[in-house]
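Inspection log for the structure reproduced underneath, given as structure tokens.
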Amino acid sequence: MKLLIISDIHGNLKAMTSMLDYIKDRQIDSVAVLGDLVDYGPHSNEVVELVSKMQLPFVCNIYGNHEDAMFNDQYERFSTPRGVDSAKYTKSLLSVATCNYIKSKMNKNGKEEFVLDGKKVLAVHGTIQDNHWGKFNIQDDLSPYSEYDLVLMGHSHLPFFYEAFFKADNPQTRNKKKTILINPGSVGQPRNINKYAQFAIFDTITEQCELIKIPYDIKAEQKDFSDNIDSFYKTRLENGV
């Protein structure tokens, strides 16, 4: 199965449409949506509408920290006042259809477990310890993830593919257990010093993972940013920071 993994679109319509154009020519069987469809960018309603119309089976569709904050009116965990201002302003613009979709079609827990092609999967926006806001670090103790075969995570906006190995009582694998961890990066707000829209395609059989980066019309997206939020969120698109 070819699994499309997307996260952190953040209201960036041009990045989203470029990603959708790209996958038209790819064999994709299903999609994992890891949260933060909204905020920062000027097109949260349009992004949610496009996600809702994707003609692919969803293996998961979970809240990010922005959906969690905005729909619970809890903004204290944002790191800057400009982040709070942006979230509150974005929420004021959300349509009834957008709100209904987020409330009824997305998993509020920011976490889902399921089985995919025989693999036990964890999808989480943040970390296993803090579903919405946790910041994953590859140097951390990874043992909490050892029960899973595949872990999908977002939030950091930093793409990676990593295979972790743990001790196991299984002579066929020389007493090793493998967990694959994937962050697809951010479609709409990349922060790895790369300005392109980023996402992943994972083959659940071969375990090949493509971390994809594609161009989109940044200038056109920037034109629609409101002066009601800090220009930082507009200018950062130019450098992917």
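Ordering of the structure tokens sets the chain letters (A, B, ...); residue numbers start at 1 within each chain; ligands are numbered from 1 in the order shown.
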_region 25-33 of chain A environment, 8 Å, only C-alpha atoms, sequence neighbours closer than 5 positions dropped, as a list in words_ = Met1, Lys2, Leu3, Leu4, Ile5, Ile6, Ser7, Leu56, Pro57, Phe58, Val59, Cys60, Asn61 and Ile62 of chain A
*Excluding region 103-109 of chain A and residues on its chain fewer than 4 positions from it, collect all residues at most 10 Å away from it, counting only C-alpha atoms, and give them as an NGL selection string.*
:A and (33-35 or 52 or 60-65 or 67-68 or 71 or 97-99 or 124-125 or 131-132)
Put those residues in a file: C-alpha atoms, as a CSV table (one decimal), in the first residue's frame.
```csv
chain,number,residue,atom,x,y,z
A,33,VAL,CA,-3.6,13.5,8.0
A,34,LEU,CA,-1.5,14.5,11.1
A,35,GLY,CA,-3.1,17.8,12.1
A,52,SER,CA,-12.6,17.0,3.0
A,60,CYS,CA,-6.3,8.8,10.3
A,61,ASN,CA,-7.3,12.4,10.5
A,62,ILE,CA,-6.2,13.9,13.8
A,63,TYR,CA,-6.1,17.3,15.6
A,64,GLY,CA,-2.9,19.2,15.8
A,65,ASN,CA,-2.1,21.6,18.5
A,67,GLU,CA,-7.1,22.7,16.3
A,68,ASP,CA,-6.8,21.7,19.9
A,71,PHE,CA,-11.5,24.6,19.6
A,97,ALA,CA,-18.5,24.1,7.3
A,98,THR,CA,-14.9,24.2,8.4
A,99,CYS,CA,-15.8,24.1,12.1
A,124,VAL,CA,0.3,11.3,16.7
A,125,HIS,CA,0.6,15.0,16.1
A,131,ASN,CA,-0.2,14.2,21.8
A,132,HIS,CA,-0.8,17.8,20.6
```
_Residues of region 116-190 of chain A classed as strand (DSSP E or B) by DSSP on the backbone are to be reported as a VMD selection string._
chain A and resid 116 119 to 124 150 to 153 160 to 167 176 to 183
*Identify, on the basis of only C-alpha atoms, every residue whose closest approach to Leu158 (chain A) does not exceed 7 Å; exclude the query and any residue fewer than 2 positions from it along the same chain; express the result as a list in words.*
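Final neighbour list, sorted by chain and number: Ser156, Phe160, Asn183, Gly185, Arg191 and Asn192 of chain A.
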